[in-house]
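One structure below.
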Amino acid sequence: MSLGTLTLMSSGEMSARLSPAHRAVLARLQAPLRAIFLDTPAGFQENATALAEKAVDYFRHNLQQELRVVSFKSKKEATPEQLNEIAAQIQAANYVFAGPGSPTYAVRNWIGTPIADALAAQLRSGGHLVFASSAAIAMSRHVVPVYELYKAGHDPAWVDGIDLLGPHGLELAIMPHWNNSEGGAAFDTRYCFIGKRRLKAMEDLLPESARMIGLDENTACVIDLAAQTCEVFGSGRVIVRHPGQEKTFSAGMKFDWEEFK
């Protein structure tokens with residue numbers, strides 16, 4: 001069976017502007033849709049259940065498809081049997097969706113478990129993974145600890161991630177919300193909320209072999225592992241940065257993933 005796709009999205013909410021990216025991935029399915037939503041990235045939040053319900057509603061109303069929630073909020077509260085059952089449900093699906101929350105929380109609860117192995121197996125066996133915002137960051141080799149830097153004042157440092165594309169030759173630091181402007185004129189929230197000053201400090205800590213992949217708000221990049229191509233959807237750009245030099249790809253563009261190297 002051919003390799004699958006990894007779609008990276010930059011949207012904290014379920015954005016209608018990214019529906020074309022979902023549809024492009026759905027069109028690749030060779031079998032009836034078996035779509036699931038993983039709620040882990042927001043598992044620590046009191047509104048985690050509401051976020052999952054919002055994803056289900058988004059699929060039903062915007063894509064006319066059914067999405068089933070597979071809830072895994074914390075590995076501390078899971079037995080080995082439950083971990084294996086969640087992994088089995090991931091492998092039985094052919095479309096896996098996850099979204100907002102905390103990237104470091106997602107990493108802590110996925111890494112070193114059968115769930116991380118199941119996600120990797122999905123890509124190897126032709127499945128389609130669609131990860132937005134924090135879930136997308138968690139797929140990196142080098143994870144930006146957004147909340148720790150932006151809210152808690154931690155010193156710049158990268159966190160080891162799931163490294164989903166590492167076995168396929170890509171060493172990435174995935175950075176959605178690249179052009180975020182929530183801070184307005186008061187403070188800089190670009191570059192995944194960490195701002196230009198911390199971006200430079202973080203970049204200096206990356207190894208030469210790594211690349212930052214930025215995604216503007218409401219933008220998606222569909223990475224086809226078999227064809228080794230990338231296609232941009234939405235209203236913004238995908239940015240490949242290394243080191244301090246940027247290549248940009250706008251919505252509608254298709255490019256070879258050698259650009260990531």
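Residue names in the structure tokens use chain letters A, B, ... in the order shown, residue numbers from 1 in each chain, and ligand numbers from 1 in the order shown.
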
12 Å contact set for Glu77 in chain A, only C-alpha atoms, chain neighbours under 6 positions out, as JSON, numbers by chain | {"A": [43, 44, 83, 109]}

Expected file: the selected residues, N, CA and C atoms, as a JSON list (two decimals), in the first residue's frame:
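To be explicit, this is the file written out as part28.json:
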```
[["chain", "number", "residue", "atom", "x", "y", "z"],
["A", 43, "GLY", "N", -6.68, 17.89, 26.23],
["A", 43, "GLY", "CA", -7.17, 17.00, 27.28],
["A", 43, "GLY", "C", -7.15, 17.59, 28.67],
["A", 44, "PHE", "N", -6.27, 18.56, 28.91],
["A", 44, "PHE", "CA", -6.17, 19.19, 30.23],
["A", 44, "PHE", "C", -7.17, 20.33, 30.41],
["A", 83, "LEU", "N", -4.51, 2.06, 26.38],
["A", 83, "LEU", "CA", -3.60, 2.64, 25.40],
["A", 83, "LEU", "C", -3.60, 1.82, 24.11],
["A", 109, "ASN", "N", 1.79, 13.11, 26.30],
["A", 109, "ASN", "CA", 0.80, 12.03, 26.40],
["A", 109, "ASN", "C", 0.83, 11.07, 25.22]]
```

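Look at range 229-233 of chain A: the protein and nucleic acid residues within 6 Å of it, using only C-alpha atoms and passing over chain neighbours fewer than 3 places away, are A:Ala21, A:Thr219, A:Ala220, A:Cys221, A:Val222, A:Ile223, A:Asp224, A:Ala251, A:Gly252, A:Met253, A:Lys254, A:Phe255, A:Asp256, A:Trp257.
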
Residues of range 130-257 of chain A in strand (DSSP E) according to DSSP, as a ChimeraX atom specification?
-> /A:130-132,142-143,159-160,172-175,211-215,219-224,229-234,237-241,246-250,254-256

Residues of range 82-113 of chain A at most 9 Å from range 2-17 of chain A: nearest atom pair and distance in Å, only C-alpha atoms, as a tab-separated table:
```
residue	atom	partner	partner_atom	distance
A:Gly99	CA	A:Gly12	CA	7.1
A:Pro100	CA	A:Gly12	CA	5.3
A:Gly101	CA	A:Gly12	CA	8.3
```

Output N, CA and C atoms for every residue in the selection just made, as an mmCIF file, in the first residue's frame.
```cif
data_model
loop_
_atom_site.group_PDB
_atom_site.id
_atom_site.type_symbol
_atom_site.label_atom_id
_atom_site.label_comp_id
_atom_site.auth_asym_id
_atom_site.auth_seq_id
_atom_site.Cartn_x
_atom_site.Cartn_y
_atom_site.Cartn_z
ATOM 1 N N GLY A 99 -6.455 18.783 16.938
ATOM 2 C CA GLY A 99 -6.340 20.223 16.791
ATOM 3 C C GLY A 99 -5.791 20.966 17.979
ATOM 4 N N PRO A 100 -6.515 21.980 18.429
ATOM 5 C CA PRO A 100 -5.962 22.943 19.389
ATOM 6 C C PRO A 100 -5.754 22.351 20.777
ATOM 7 N N GLY A 101 -4.938 23.083 21.545
ATOM 8 C CA GLY A 101 -4.606 22.676 22.908
ATOM 9 C C GLY A 101 -3.199 23.129 23.227
#
```

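CA of Leu129 in chain A sits 23.6 Å away from CA of Glu81 in chain A.
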
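Here the question is which of A:Leu172, A:Ala185, A:Leu26, A:Ala120 gets nearest to Glu208 in chain A using only C-alpha atoms, and that residue is A:Leu172.
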
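Relative to CA of Asp160 in chain A, CA of Ile194 in chain A is found at 17.9 Å.
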
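Residue nearest Arg28 in chain A, chosen from A:Phe260, A:Phe59, A:Tyr191, A:Tyr95 and counting only C-alpha atoms: A:Tyr95.
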
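Near Thr113 in chain A, within 12 Å and counting only C-alpha atoms, sit A:Phe72, A:Ser74, A:Lys75, A:Lys76, A:Ala78, A:Thr79, A:Pro80, A:Glu81, A:Gln82, A:Leu83, A:Asn84, A:Glu85, A:Ile86, A:Ala87, A:Ala106, A:Val107, A:Arg108, A:Asn109, A:Asp117, A:Ala118, A:Leu119, A:Ala120, A:Ile162, not including residues fewer than 4 positions from it in the same chain.
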
Could you give me, as a list in words, the residues within 9 Å of Leu38 in chain A, counting only C-alpha atoms and dropping anything in the same chain fewer than 6 positions from it?
-> Ala52, Arg68, Val69, Val70, Ser71, Phe72, Lys73, Ile90, Val96, Phe97, Ala98 and Gly99 of chain A

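Minimum atom-to-atom distance to Leu18 in chain A, evaluated using only C-alpha atoms, belongs to A:Ala132 out of A:Ala31, A:Met212, A:Ala132, A:Met202.
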
Could you name the residues that touch Val238 in chain A at 6 Å or less, counting only C-alpha atoms, but leaving out those on the same chain fewer than 6 positions away, as a PyMOL selection string?
-> chain A and resi 214-215+248-249

Dump of C-alpha atoms for the selected residues, as a PDB file, in the first residue's frame:
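Below you can see selection-v1.pdb, which holds the result:
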```pdb
ATOM      1  CA  GLY A 214       5.730  28.338   9.206  1.00  0.00           C
ATOM      2  CA  LEU A 215       2.052  28.423   8.331  1.00  0.00           C
ATOM      3  CA  THR A 248       7.411  31.273   0.741  1.00  0.00           C
ATOM      4  CA  PHE A 249       4.666  29.341  -1.028  1.00  0.00           C
TER       5      PHE A 249
END
```

Distance of CA of Arg141 in chain A from CA of Lys54 in chain A, expressed in Å to one decimal place = 28.9 Å
